[in-house]
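Listing of coords.cif; format and content: mmCIF, C-alpha atoms and all ligand atoms.
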```cif
data_target
loop_
_atom_site.label_atom_id
_atom_site.label_comp_id
_atom_site.auth_asym_id
_atom_site.auth_seq_id
_atom_site.Cartn_x
_atom_site.Cartn_y
_atom_site.Cartn_z
CA MET A 1 123.37 141.77 84.39
CA SER A 2 125.60 144.47 82.84
CA GLY A 3 127.31 143.75 79.53
CA THR A 4 130.77 143.91 81.11
CA GLU A 5 130.24 141.01 83.55
CA ALA A 6 131.60 137.58 82.70
CA THR A 7 128.91 135.06 81.71
CA GLU A 8 130.99 131.92 81.38
CA SER A 9 128.84 128.80 81.56
CA LEU A 10 129.80 126.30 84.25
CA VAL A 11 127.65 123.55 82.72
CA GLY A 12 129.51 120.28 82.21
CA ARG A 13 132.22 121.03 84.76
CA THR A 14 132.73 118.30 87.39
CA VAL A 15 133.42 119.08 91.04
CA GLU A 16 133.80 116.97 94.18
CA LEU A 17 131.24 117.89 96.84
CA GLU A 18 130.32 117.14 100.45
CA ILE A 19 126.55 116.81 100.37
CA GLY A 20 124.57 118.74 102.97
CA PRO A 21 120.87 118.61 103.86
CA ILE A 22 117.91 117.73 101.68
CA ALA A 23 115.97 120.67 100.23
CA HIS A 24 112.46 120.95 98.79
CA GLY A 25 112.40 119.79 95.16
CA GLY A 26 114.24 116.45 95.27
CA HIS A 27 117.80 117.71 95.61
CA CYS A 28 120.37 118.17 98.38
CA VAL A 29 122.36 121.30 99.09
CA ALA A 30 126.16 121.46 98.84
CA ARG A 31 128.61 124.37 98.88
CA TRP A 32 131.20 125.00 96.21
CA ASP A 33 133.33 128.04 95.63
CA GLY A 34 131.15 130.14 97.96
CA ARG A 35 127.90 129.13 96.26
CA ALA A 36 124.99 126.84 96.95
CA VAL A 37 124.74 123.83 94.65
CA PHE A 38 121.45 121.90 94.37
CA VAL A 39 122.52 118.33 93.72
CA ARG A 40 120.21 115.59 92.42
CA HIS A 41 120.91 111.85 92.75
CA ALA A 42 122.74 112.46 96.03
CA LEU A 43 122.04 111.92 99.73
CA PRO A 44 122.94 114.01 102.81
CA GLY A 45 126.35 113.05 104.22
CA GLU A 46 127.68 111.67 100.94
CA ARG A 47 130.79 112.75 99.08
CA VAL A 48 130.15 112.76 95.35
CA VAL A 49 131.56 113.84 92.04
CA ALA A 50 128.93 116.10 90.55
CA ARG A 51 128.49 117.49 87.06
CA ILE A 52 127.08 121.01 86.92
CA THR A 53 123.85 121.10 84.90
CA GLU A 54 122.87 124.77 85.31
CA GLY A 55 124.91 127.81 86.21
CA VAL A 56 126.59 130.75 84.61
CA GLU A 57 129.27 132.93 86.21
CA PRO A 58 128.68 134.78 88.55
CA ALA A 59 125.56 132.84 89.69
CA ARG A 60 125.26 132.25 93.43
CA TYR A 61 123.17 129.10 92.87
CA LEU A 62 124.07 126.15 90.68
CA ARG A 63 122.40 122.86 89.87
CA ALA A 64 124.29 119.58 89.51
CA ASP A 65 123.84 115.82 89.19
CA ALA A 66 125.88 113.38 91.30
CA VAL A 67 127.57 111.29 88.58
CA SER A 68 129.66 109.11 90.88
CA VAL A 69 129.65 108.49 94.60
CA VAL A 70 132.95 108.68 96.49
CA ARG A 71 131.44 107.95 99.92
CA PRO A 72 127.87 106.57 99.82
CA ALA A 73 125.26 107.05 102.54
CA PRO A 74 123.93 103.84 104.13
CA GLN A 75 120.42 104.65 102.80
CA ARG A 76 121.61 104.48 99.17
CA VAL A 77 120.23 101.60 97.09
CA PRO A 78 120.60 100.67 93.41
CA ALA A 79 117.80 102.42 91.48
CA PRO A 80 115.19 99.82 90.43
CA CYS A 81 114.43 101.88 87.31
CA GLN A 82 116.86 101.85 84.37
CA TYR A 83 115.78 105.38 83.34
CA ALA A 84 116.51 107.00 86.74
CA HIS A 85 120.07 108.35 86.44
CA PRO A 86 121.80 111.66 85.76
CA GLY A 87 120.58 112.91 82.39
CA GLY A 88 117.79 110.28 82.36
CA CYS A 89 114.08 110.53 83.12
CA GLY A 90 113.12 113.45 85.36
CA GLY A 91 109.96 111.80 86.69
CA CYS A 92 111.38 110.35 89.94
CA ASP A 93 113.79 111.95 92.41
CA PHE A 94 114.52 109.23 94.96
CA GLN A 95 114.92 105.93 93.10
CA HIS A 96 118.40 105.71 94.69
CA VAL A 97 117.01 105.94 98.25
CA ALA A 98 115.54 103.13 100.42
CA PRO A 99 111.76 103.66 100.98
CA GLN A 100 111.99 104.37 104.74
CA ALA A 101 114.82 106.86 104.10
CA GLN A 102 112.72 108.57 101.40
CA ARG A 103 110.06 109.24 104.03
CA GLU A 104 112.68 110.61 106.44
CA LEU A 105 113.94 112.99 103.73
CA LEU A 106 110.39 114.18 103.05
CA ALA A 107 109.74 114.67 106.77
CA ALA A 108 112.88 116.81 106.99
CA VAL A 109 111.62 118.90 104.04
CA VAL A 110 108.18 119.49 105.59
CA ARG A 111 109.80 120.35 108.95
CA GLU A 112 112.20 122.77 107.29
CA GLN A 113 109.50 124.49 105.21
CA LEU A 114 107.25 124.96 108.26
CA SER A 115 110.12 126.27 110.34
CA ARG A 116 111.59 128.63 107.74
CA LEU A 117 108.41 129.94 106.10
CA ALA A 118 105.95 129.81 109.02
CA GLY A 119 108.20 129.89 112.10
CA VAL A 120 106.51 126.69 113.32
CA ASP A 121 108.47 123.80 114.86
CA TYR A 122 106.56 120.57 114.28
CA ASP A 123 107.92 117.05 114.65
CA VAL A 124 106.77 115.80 111.24
CA VAL A 125 106.59 112.09 110.47
CA VAL A 126 105.81 110.95 106.92
CA GLU A 127 103.65 107.85 107.16
CA PRO A 128 103.66 105.01 104.61
CA VAL A 129 100.24 104.21 103.12
CA ASP A 130 101.09 100.64 102.18
CA ASP A 131 103.89 98.13 102.75
CA GLY A 132 105.00 98.25 99.12
CA ASP A 133 108.37 98.96 97.56
CA GLY A 134 107.28 102.33 96.16
CA LEU A 135 106.59 100.91 92.69
CA GLY A 136 103.37 100.26 90.74
CA TRP A 137 101.19 102.91 92.46
CA ARG A 138 100.61 105.67 89.90
CA THR A 139 97.08 105.44 88.48
CA ARG A 140 97.61 108.38 86.11
CA VAL A 141 100.70 108.79 83.94
CA SER A 142 101.07 111.59 81.41
CA TYR A 143 103.61 110.79 78.72
CA ALA A 144 105.09 113.30 76.34
CA VAL A 145 105.47 112.01 72.77
CA ASP A 146 108.73 112.53 70.91
CA ALA A 147 109.19 113.39 67.23
CA GLU A 148 109.18 109.71 66.31
CA GLY A 149 105.85 109.07 68.05
CA ARG A 150 107.39 107.33 71.08
CA PRO A 151 105.88 107.99 74.53
CA GLY A 152 108.29 109.04 77.23
CA LEU A 153 108.92 111.34 80.15
CA ARG A 154 110.84 114.56 80.19
CA ARG A 155 114.39 114.98 81.36
CA HIS A 156 114.65 117.01 84.58
CA ARG A 157 114.07 120.74 83.86
CA SER A 158 114.01 120.07 80.12
CA HIS A 159 111.52 119.66 77.28
CA GLU A 160 113.54 116.78 75.89
CA VAL A 161 111.58 113.50 75.89
CA VAL A 162 113.26 110.34 77.20
CA PRO A 163 111.45 107.43 75.47
CA ILE A 164 110.24 104.99 78.14
CA GLU A 165 109.19 101.40 77.50
CA ARG A 166 107.94 100.79 81.03
CA CYS A 167 107.55 103.21 83.95
CA LEU A 168 108.08 101.27 87.19
CA ILE A 169 105.95 103.54 89.37
CA ALA A 170 103.01 103.18 86.94
CA HIS A 171 100.14 101.01 88.20
CA PRO A 172 100.06 97.56 86.54
CA ASP A 173 96.36 98.09 85.57
CA LEU A 174 97.19 101.10 83.37
CA PRO A 175 96.35 100.59 79.70
CA ALA A 176 99.28 100.35 77.29
CA VAL A 177 100.10 103.49 75.34
CA HIS A 178 103.03 101.97 73.46
CA GLY A 179 102.33 100.67 70.00
CA ARG A 180 99.53 103.21 69.46
CA ALA A 181 99.60 105.52 66.47
CA LEU A 182 100.98 108.61 68.20
CA ALA A 183 102.72 110.32 65.30
CA ALA A 184 100.52 113.44 65.33
CA VAL A 185 100.09 113.59 69.11
CA SER A 186 102.13 115.61 71.63
CA SER A 187 100.94 113.97 74.87
CA VAL A 188 99.18 110.79 75.90
CA GLN A 189 97.79 109.95 79.32
CA ALA A 190 97.03 106.50 80.71
CA VAL A 191 94.51 106.32 83.55
CA CYS A 192 93.11 103.50 85.67
CA SER A 193 90.71 103.38 88.59
CA GLY A 194 90.46 101.34 91.76
CA VAL A 195 87.71 99.17 90.23
CA GLY A 196 89.58 98.39 87.01
CA ASP A 197 88.21 101.06 84.64
CA THR A 198 90.77 102.48 82.23
CA ALA A 199 91.17 105.22 79.66
CA VAL A 200 93.75 106.53 77.22
CA ILE A 201 93.68 110.26 76.52
CA ALA A 202 95.62 111.78 73.63
CA ASP A 203 96.00 115.58 73.55
CA GLY A 204 93.02 115.90 75.94
CA ARG A 205 90.68 113.55 74.00
CA VAL A 206 89.64 110.11 75.26
CA VAL A 207 90.76 107.70 72.50
CA ALA A 208 90.19 104.41 74.32
CA GLY A 209 88.32 103.21 77.40
CA ARG A 210 85.82 105.19 79.45
CA THR A 211 85.18 108.93 79.55
CA ARG A 212 84.28 108.66 83.25
CA LEU A 213 85.98 106.23 85.61
CA ARG A 214 84.29 104.57 88.55
CA GLU A 215 86.04 104.69 91.93
CA ARG A 216 85.03 103.12 95.22
CA VAL A 217 85.88 104.83 98.52
CA HIS A 218 84.75 103.24 101.79
CA GLY A 219 82.04 101.40 99.86
CA ARG A 220 80.67 104.52 98.16
CA GLU A 221 80.87 104.83 94.36
CA PHE A 222 82.24 107.94 92.68
CA ARG A 223 82.70 108.75 89.03
CA SER A 224 85.27 111.20 87.80
CA SER A 225 86.06 112.34 84.28
CA SER A 226 89.02 110.43 82.86
CA GLY A 227 91.05 113.57 82.23
CA GLY A 228 89.92 115.35 85.41
CA PHE A 229 91.32 115.35 88.94
CA TRP A 230 91.29 112.25 91.10
CA GLN A 231 93.81 111.32 93.79
CA VAL A 232 96.67 109.45 92.12
CA HIS A 233 97.73 106.82 94.67
CA PRO A 234 95.17 103.98 95.03
CA ARG A 235 95.19 104.44 98.84
CA ALA A 236 94.99 108.25 98.77
CA ALA A 237 91.23 108.81 98.75
CA GLU A 238 90.56 106.69 101.85
CA VAL A 239 93.62 107.90 103.76
CA LEU A 240 92.73 111.56 103.13
CA VAL A 241 89.00 111.12 103.82
CA ASP A 242 89.80 109.43 107.15
CA THR A 243 92.23 112.17 108.19
CA VAL A 244 89.94 115.00 107.10
CA LEU A 245 87.00 113.49 109.03
CA ARG A 246 89.10 112.96 112.14
CA TYR A 247 90.45 116.53 112.14
CA ALA A 248 87.09 118.09 111.17
CA GLU A 249 85.23 116.51 114.14
CA VAL A 250 81.98 117.31 112.38
CA CYS A 251 78.71 116.87 114.33
CA PRO A 252 75.19 116.35 112.97
CA GLY A 253 73.67 119.72 112.12
CA ASP A 254 77.02 121.46 111.49
CA THR A 255 77.79 123.70 108.53
CA VAL A 256 80.98 122.86 106.64
CA CYS A 257 82.70 124.45 103.64
CA ASP A 258 84.58 122.09 101.31
CA LEU A 259 86.73 124.41 99.21
CA TYR A 260 88.39 123.10 95.99
CA ALA A 261 85.96 120.20 96.20
CA GLY A 262 86.81 118.40 92.93
CA SER A 263 84.23 115.72 92.11
CA GLY A 264 82.95 115.71 95.69
CA LEU A 265 85.19 113.22 97.52
CA PHE A 266 85.30 114.98 100.92
CA SER A 267 81.81 116.50 100.56
CA ALA A 268 80.25 113.03 100.31
CA PHE A 269 81.61 111.98 103.72
CA LEU A 270 81.21 115.42 105.31
CA GLY A 271 77.61 115.45 104.04
CA ALA A 272 76.94 112.08 105.68
CA ALA A 273 78.52 113.36 108.93
CA VAL A 274 76.45 116.58 109.17
CA GLY A 275 73.25 114.72 108.21
CA ARG A 276 70.06 116.18 106.76
CA GLN A 277 69.98 118.93 109.42
CA GLY A 278 73.43 120.16 108.46
CA HIS A 279 74.93 121.88 105.42
CA VAL A 280 77.99 121.36 103.25
CA ILE A 281 78.93 124.05 100.76
CA ALA A 282 81.21 122.51 98.12
CA VAL A 283 83.08 125.03 95.97
CA GLU A 284 84.78 124.04 92.71
CA SER A 285 85.64 126.04 89.60
CA ASP A 286 86.18 123.29 87.00
CA SER A 287 82.98 122.59 85.00
CA ARG A 288 83.75 118.91 84.44
CA ALA A 289 84.44 118.31 88.15
CA VAL A 290 81.25 120.19 89.11
CA LYS A 291 79.23 117.98 86.76
CA ASP A 292 80.80 114.87 88.31
CA ALA A 293 80.18 116.24 91.83
CA ARG A 294 76.49 116.86 91.07
CA ARG A 295 76.09 113.22 90.06
CA ASN A 296 78.25 111.86 92.89
CA LEU A 297 76.36 113.82 95.57
CA HIS A 298 72.79 113.61 94.21
CA ASP A 299 71.62 111.59 97.23
CA LEU A 300 72.87 114.25 99.69
CA PRO A 301 70.54 117.30 99.51
CA GLN A 302 72.45 118.84 102.42
CA VAL A 303 75.40 119.40 100.05
CA GLN A 304 75.17 122.56 97.99
CA ILE A 305 77.59 122.66 95.07
CA ARG A 306 78.85 126.06 93.99
CA HIS A 307 80.45 126.31 90.55
CA ALA A 308 82.75 129.28 91.13
CA PRO A 309 86.28 130.27 92.12
CA VAL A 310 86.81 129.93 95.87
CA ALA A 311 87.79 133.59 96.28
CA ALA A 312 84.52 134.75 94.69
CA VAL A 313 82.38 132.60 97.00
CA LEU A 314 84.32 133.65 100.10
CA GLY A 315 83.66 137.26 99.17
CA GLU A 316 79.89 136.77 99.27
CA ARG A 317 77.74 137.93 102.15
CA THR A 318 75.68 134.72 102.09
CA LEU A 319 78.64 132.89 103.62
CA SER A 320 78.81 135.20 106.60
CA GLU A 321 76.63 132.76 108.58
CA ALA A 322 79.96 131.22 109.65
CA PRO A 323 80.66 127.56 109.00
CA ASP A 324 81.76 125.43 111.93
CA VAL A 325 84.52 123.86 109.85
CA VAL A 326 86.32 124.78 106.63
CA VAL A 327 88.10 122.05 104.64
CA LEU A 328 90.35 123.20 101.81
CA ASP A 329 92.37 121.19 99.31
CA PRO A 330 93.89 123.74 96.92
CA PRO A 331 96.10 123.00 93.92
CA ARG A 332 99.89 123.00 94.24
CA THR A 333 100.13 126.80 94.43
CA GLY A 334 98.22 126.79 97.73
CA ALA A 335 95.30 128.96 98.82
CA ARG A 336 97.26 132.27 99.03
CA ALA A 337 96.55 135.38 101.03
CA ARG A 338 93.15 136.39 99.64
CA VAL A 339 91.55 132.98 100.20
CA VAL A 340 93.26 132.50 103.59
CA ARG A 341 91.93 135.89 104.70
CA GLY A 342 88.46 134.92 103.43
CA VAL A 343 88.53 131.64 105.36
CA ALA A 344 89.76 133.26 108.59
CA ALA A 345 87.08 135.96 108.29
CA LEU A 346 84.41 133.24 108.58
CA ARG A 347 85.84 132.40 112.04
CA PRO A 348 85.40 128.61 111.78
CA SER A 349 86.36 126.64 114.89
CA ARG A 350 88.49 124.30 112.73
CA VAL A 351 90.29 124.62 109.41
CA VAL A 352 91.43 121.37 107.79
CA TYR A 353 94.00 122.07 105.08
CA VAL A 354 94.97 119.28 102.63
CA ALA A 355 98.20 120.21 100.87
CA CYS A 356 100.26 118.60 98.12
CA ASP A 357 103.04 121.18 98.40
CA PRO A 358 104.67 121.77 101.81
CA ALA A 359 106.08 125.17 100.78
CA ALA A 360 102.65 126.48 99.77
CA LEU A 361 101.20 125.02 102.98
CA ALA A 362 103.87 126.70 105.11
CA ARG A 363 103.31 130.09 103.43
CA ASP A 364 99.57 129.79 104.06
CA VAL A 365 100.14 128.65 107.67
CA ALA A 366 102.15 131.84 108.19
CA ILE A 367 99.22 133.94 106.92
CA PHE A 368 96.74 132.01 109.08
CA ALA A 369 98.96 132.75 112.10
CA GLU A 370 98.72 136.51 111.45
CA LEU A 371 94.94 136.07 111.47
CA GLY A 372 94.83 134.20 114.78
CA TYR A 373 94.87 130.55 113.58
CA GLY A 374 97.65 128.22 114.74
CA LEU A 375 98.80 124.83 113.47
CA SER A 376 97.64 122.33 116.08
CA GLN A 377 98.07 118.98 114.28
CA LEU A 378 99.64 117.72 111.09
CA ARG A 379 99.95 114.35 109.40
CA ALA A 380 102.01 113.69 106.29
CA PHE A 381 101.63 110.74 103.92
CA ALA A 382 103.93 109.10 101.38
CA LEU A 383 101.37 109.23 98.56
CA PHE A 384 103.98 109.74 95.80
CA PRO A 385 106.80 107.22 96.48
CA MET A 386 110.11 107.72 94.61
CA THR A 387 109.30 111.41 94.06
CA HIS A 388 109.86 114.52 96.16
CA HIS A 389 106.11 115.06 96.49
CA VAL A 390 104.34 114.54 99.81
CA GLU A 391 100.76 115.08 100.97
CA CYS A 392 100.05 116.85 104.26
CA VAL A 393 96.82 117.34 106.18
CA ALA A 394 96.98 120.18 108.71
CA LEU A 395 94.52 121.20 111.41
CA LEU A 396 94.44 124.92 112.23
CA GLU A 397 92.50 126.27 115.18
CA PRO A 398 91.93 129.69 116.71
CA MET A 399 94.78 130.57 119.05
CA SER A 400 93.50 131.46 122.49
C1 LIG A 501 93.86 119.07 94.70
S1 LIG A 501 92.32 119.07 93.83
C2 LIG A 501 91.26 118.53 95.15
C3 LIG A 501 89.97 117.87 94.76
C4 LIG A 501 89.23 117.08 95.84
N1 LIG A 501 89.35 117.65 97.16
C5 LIG A 501 89.67 115.63 95.84
O1 LIG A 501 90.40 115.23 96.76
O2 LIG A 501 89.29 114.89 94.92
C6 LIG A 501 92.04 120.77 93.67
C7 LIG A 501 90.73 121.15 93.01
O3 LIG A 501 90.61 122.57 93.06
C8 LIG A 501 90.02 123.03 91.86
N2 LIG A 501 90.37 124.46 91.77
C9 LIG A 501 91.56 125.00 91.39
N3 LIG A 501 91.52 126.34 91.54
C10 LIG A 501 90.28 126.65 92.02
C11 LIG A 501 89.67 127.86 92.40
N4 LIG A 501 90.31 129.03 92.32
N5 LIG A 501 88.41 127.84 92.87
C12 LIG A 501 87.73 126.64 92.96
N6 LIG A 501 88.29 125.45 92.63
C13 LIG A 501 89.56 125.45 92.17
C14 LIG A 501 90.57 122.12 90.79
O4 LIG A 501 89.73 122.10 89.66
C15 LIG A 501 90.61 120.78 91.53
O5 LIG A 501 89.41 120.07 91.34
#
```
Output the file's structure in the form of structure tokens.
Ligand SMILES: C[S@@+](CC[C@H](N)C(=O)[O-])C[C@H]1O[C@@H](n2cnc3c(N)ncnc32)[C@H](O)[C@@H]1O
Amino acid sequence: MSGTEATESLVGRTVELEIGPIAHGGHCVARWDGRAVFVRHALPGERVVARITEGVEPARYLRADAVSVVRPAPQRVPAPCQYAHPGGCGGCDFQHVAPQAQRELLAAVVREQLSRLAGVDYDVVVEPVDDGDGLGWRTRVSYAVDAEGRPGLRRHRSHEVVPIERCLIAHPDLPAVHGRALAAVSSVQAVCSGVGDTAVIADGRVVAGRTRLRERVHGREFRSSSGGFWQVHPRAAEVLVDTVLRYAEVCPGDTVCDLYAGSGLFSAFLGAAVGRQGHVIAVESDSRAVKDARRNLHDLPQVQIRHAPVAAVLGERTLSEAPDVVVLDPPRTGARARVVRGVAALRPSRVVYVACDPAALARDVAIFAELGYGLSQLRAFALFPMTHHVECVALLEPMS
């Protein structure tokens, strides 16, 4: 910006807005004074008074919080959590929305991302994974610790810690972090597993409970390091395994790649499906997860675990024997062009893509399309109730 342009802050100003559609990120879009305003704590179709939280003249985009509702939407409910309000905890986005309506908002987001970023029209439905009220599901909660040693969660788009006595989406089995000596600590994580194991981790170090938690998925036991990756919703592992297996249609003797394999969740079931005559190549870059995977998969010699970045393994000639199926479950940033090109170059008959960010998925779907793979099926699951996060599993197949 040149030094002569006005830079008046609009923060704190209140404006009355007609709220438009939901957008990715937990906010709705409104228009004001020729600009787009991303409004939290609102719902499409509402009229609200909003306080601007970010924006400096002459910005074309502003952020705002709905501070009072002039005309509420029928899907609005009182937030069950006392910390979920403008200026409060930034952990949840949809405490003010009925659970079924939350899923409809998320479906609209996935549809919009696929349409805008990949040019794909897909009638997305976000499926519930339980009949709960969206509370008490989170088996891993990372608290920031404020200057007085109190655990809390951060305000939206801020480093400021909101001290929290009780997080309502936290699983009831999580160990207490309150009352611990946290004066010299900047973060504390509480973790619990499906079989009742727990741990407390302060600044990356396990200070109570187990260093590795046991999990049980379809009767099979897994162990994963307390501070490492494991699916967060108690229903997630089984729901995702079932969907991956259904889309992968693996036969005995097949070769399958499980990219971003973590501690071996999908590889265990893919390994059982291909049998001793088949092969699973599990690729994972995190040393702790690889160690867990080696232990979790020790009874499945058909699974080969590769401790390396996915892009490096895809670049090797040894993989040119073409897997029948590629499963990939990348982190939030998605697989990106280099990995997508590497997967497509193997010419698998099926690609099963597990995605925790619909924008990253849609960008990668667009790249797959350029390489001859089309989206043929997609399921989306409400694995993060009250938040704007949603898990998708997509099946991509060669376009004829
Ligand atoms: C979303 S988790 C999926 C784990 C596993 N599929 C599961 O459901 O438990 C993503 C995994 O990818 C790993 N990862 C991230 N970047 C990677 C890369 N470039 N190459 C290999 N693994 C990577 C992370 O360590 C993490 O274990």
Set the cut-off to 10 Å, count all atoms listed in the file, and list whatever residues fall near ligand LIG 501 (chain A) as a compact mmCIF listing (two decimals) with C-alpha atoms, in the coordinates of the input.
```
# COMPACT_ATOMS: atom_id res chain seq x y z
CA SER A 224 85.27 111.20 87.80
CA GLY A 228 89.92 115.35 85.41
CA PHE A 229 91.32 115.35 88.94
CA TRP A 230 91.29 112.25 91.10
CA GLN A 231 93.81 111.32 93.79
CA VAL A 232 96.67 109.45 92.12
CA ALA A 236 94.99 108.25 98.77
CA ALA A 237 91.23 108.81 98.75
CA GLU A 238 90.56 106.69 101.85
CA LEU A 240 92.73 111.56 103.13
CA VAL A 241 89.00 111.12 103.82
CA ASP A 258 84.58 122.09 101.31
CA LEU A 259 86.73 124.41 99.21
CA TYR A 260 88.39 123.10 95.99
CA ALA A 261 85.96 120.20 96.20
CA GLY A 262 86.81 118.40 92.93
CA SER A 263 84.23 115.72 92.11
CA GLY A 264 82.95 115.71 95.69
CA LEU A 265 85.19 113.22 97.52
CA PHE A 266 85.30 114.98 100.92
CA SER A 267 81.81 116.50 100.56
CA ALA A 282 81.21 122.51 98.12
CA VAL A 283 83.08 125.03 95.97
CA GLU A 284 84.78 124.04 92.71
CA SER A 285 85.64 126.04 89.60
CA ASP A 286 86.18 123.29 87.00
CA SER A 287 82.98 122.59 85.00
CA ARG A 288 83.75 118.91 84.44
CA ALA A 289 84.44 118.31 88.15
CA VAL A 290 81.25 120.19 89.11
CA ALA A 293 80.18 116.24 91.83
CA ARG A 306 78.85 126.06 93.99
CA HIS A 307 80.45 126.31 90.55
CA ALA A 308 82.75 129.28 91.13
CA PRO A 309 86.28 130.27 92.12
CA VAL A 310 86.81 129.93 95.87
CA ALA A 311 87.79 133.59 96.28
CA ALA A 312 84.52 134.75 94.69
CA VAL A 313 82.38 132.60 97.00
CA VAL A 327 88.10 122.05 104.64
CA LEU A 328 90.35 123.20 101.81
CA ASP A 329 92.37 121.19 99.31
CA PRO A 330 93.89 123.74 96.92
CA PRO A 331 96.10 123.00 93.92
CA ARG A 332 99.89 123.00 94.24
CA THR A 333 100.13 126.80 94.43
CA GLY A 334 98.22 126.79 97.73
CA ALA A 335 95.30 128.96 98.82
CA VAL A 339 91.55 132.98 100.20
CA VAL A 354 94.97 119.28 102.63
CA ALA A 355 98.20 120.21 100.87
CA CYS A 356 100.26 118.60 98.12
```
Considering only C-alpha atoms, can you say which of A:Arg150, A:Val161, A:Tyr143, A:Ala73 comes closest to Ile201 (chain A)? A:Tyr143
With only C-alpha atoms counted, which protein, DNA or RNA residues have an atom no more than 8 Å from (119.5, 123.5, 80.9) in the file frame? Please answer as a ChimeraX atom specification. /A:53-54,157-158
Which residues, written as a list in words, have at least one atom at most 8 Å from region 336-338 of chain A, with all atoms listed in the file counted and residues fewer than 4 positions away on the same chain left out? Ala311, Gly342, Ala360, Arg363, Asp364 and Ile367 of chain A
Taking all atoms of region 29-33 of chain A that appear in the file, build a box with edges along x, y and z, extend it by 5 Å on every side, and state its centre and edge lengths in Å to one decimal, as JSON.
```
{"center_x": 127.8, "center_y": 124.7, "center_z": 97.4, "size_x": 21.0, "size_y": 16.7, "size_z": 13.5}
```
When you get a chance, write out N, CA, C and O atoms for region 287-299 of chain A, as a PDB file, keeping the file's coordinate frame.
```
ATOM      1  N   SER A 287      84.329 123.009  85.408  1.00  0.00           N
ATOM      2  CA  SER A 287      82.980 122.590  85.000  1.00  0.00           C
ATOM      3  C   SER A 287      82.811 121.077  85.009  1.00  0.00           C
ATOM      4  O   SER A 287      81.795 120.551  85.458  1.00  0.00           O
ATOM      5  N   ARG A 288      83.834 120.367  84.507  1.00  0.00           N
ATOM      6  CA  ARG A 288      83.750 118.910  84.440  1.00  0.00           C
ATOM      7  C   ARG A 288      83.645 118.309  85.842  1.00  0.00           C
ATOM      8  O   ARG A 288      82.828 117.429  86.101  1.00  0.00           O
ATOM      9  N   ALA A 289      84.465 118.823  86.771  1.00  0.00           N
ATOM     10  CA  ALA A 289      84.440 118.310  88.150  1.00  0.00           C
ATOM     11  C   ALA A 289      83.095 118.624  88.807  1.00  0.00           C
ATOM     12  O   ALA A 289      82.552 117.795  89.545  1.00  0.00           O
ATOM     13  N   VAL A 290      82.545 119.805  88.529  1.00  0.00           N
ATOM     14  CA  VAL A 290      81.250 120.190  89.110  1.00  0.00           C
ATOM     15  C   VAL A 290      80.165 119.237  88.623  1.00  0.00           C
ATOM     16  O   VAL A 290      79.322 118.770  89.390  1.00  0.00           O
ATOM     17  N   LYS A 291      80.209 118.909  87.321  1.00  0.00           N
ATOM     18  CA  LYS A 291      79.230 117.980  86.760  1.00  0.00           C
ATOM     19  C   LYS A 291      79.346 116.613  87.444  1.00  0.00           C
ATOM     20  O   LYS A 291      78.346 116.010  87.832  1.00  0.00           O
ATOM     21  N   ASP A 292      80.587 116.153  87.616  1.00  0.00           N
ATOM     22  CA  ASP A 292      80.800 114.870  88.310  1.00  0.00           C
ATOM     23  C   ASP A 292      80.291 114.959  89.752  1.00  0.00           C
ATOM     24  O   ASP A 292      79.656 114.032  90.248  1.00  0.00           O
ATOM     25  N   ALA A 293      80.582 116.079  90.423  1.00  0.00           N
ATOM     26  CA  ALA A 293      80.180 116.240  91.830  1.00  0.00           C
ATOM     27  C   ALA A 293      78.655 116.202  91.949  1.00  0.00           C
ATOM     28  O   ALA A 293      78.103 115.583  92.856  1.00  0.00           O
ATOM     29  N   ARG A 294      77.969 116.858  91.010  1.00  0.00           N
ATOM     30  CA  ARG A 294      76.490 116.860  91.070  1.00  0.00           C
ATOM     31  C   ARG A 294      75.961 115.437  91.014  1.00  0.00           C
ATOM     32  O   ARG A 294      75.044 115.084  91.744  1.00  0.00           O
ATOM     33  N   ARG A 295      76.553 114.614  90.161  1.00  0.00           N
ATOM     34  CA  ARG A 295      76.090 113.220  90.060  1.00  0.00           C
ATOM     35  C   ARG A 295      76.510 112.427  91.298  1.00  0.00           C
ATOM     36  O   ARG A 295      75.740 111.646  91.826  1.00  0.00           O
ATOM     37  N   ASN A 296      77.744 112.650  91.754  1.00  0.00           N
ATOM     38  CA  ASN A 296      78.250 111.860  92.890  1.00  0.00           C
ATOM     39  C   ASN A 296      77.497 112.160  94.180  1.00  0.00           C
ATOM     40  O   ASN A 296      77.458 111.330  95.087  1.00  0.00           O
ATOM     41  N   LEU A 297      76.942 113.376  94.289  1.00  0.00           N
ATOM     42  CA  LEU A 297      76.360 113.820  95.570  1.00  0.00           C
ATOM     43  C   LEU A 297      74.844 113.968  95.491  1.00  0.00           C
ATOM     44  O   LEU A 297      74.243 114.587  96.373  1.00  0.00           O
ATOM     45  N   HIS A 298      74.228 113.378  94.440  1.00  0.00           N
ATOM     46  CA  HIS A 298      72.790 113.610  94.210  1.00  0.00           C
ATOM     47  C   HIS A 298      71.924 113.118  95.352  1.00  0.00           C
ATOM     48  O   HIS A 298      70.828 113.609  95.577  1.00  0.00           O
ATOM     49  N   ASP A 299      72.425 112.146  96.123  1.00  0.00           N
ATOM     50  CA  ASP A 299      71.620 111.590  97.230  1.00  0.00           C
ATOM     51  C   ASP A 299      71.816 112.382  98.528  1.00  0.00           C
ATOM     52  O   ASP A 299      71.325 111.976  99.582  1.00  0.00           O
TER      53      ASP A 299
END
```
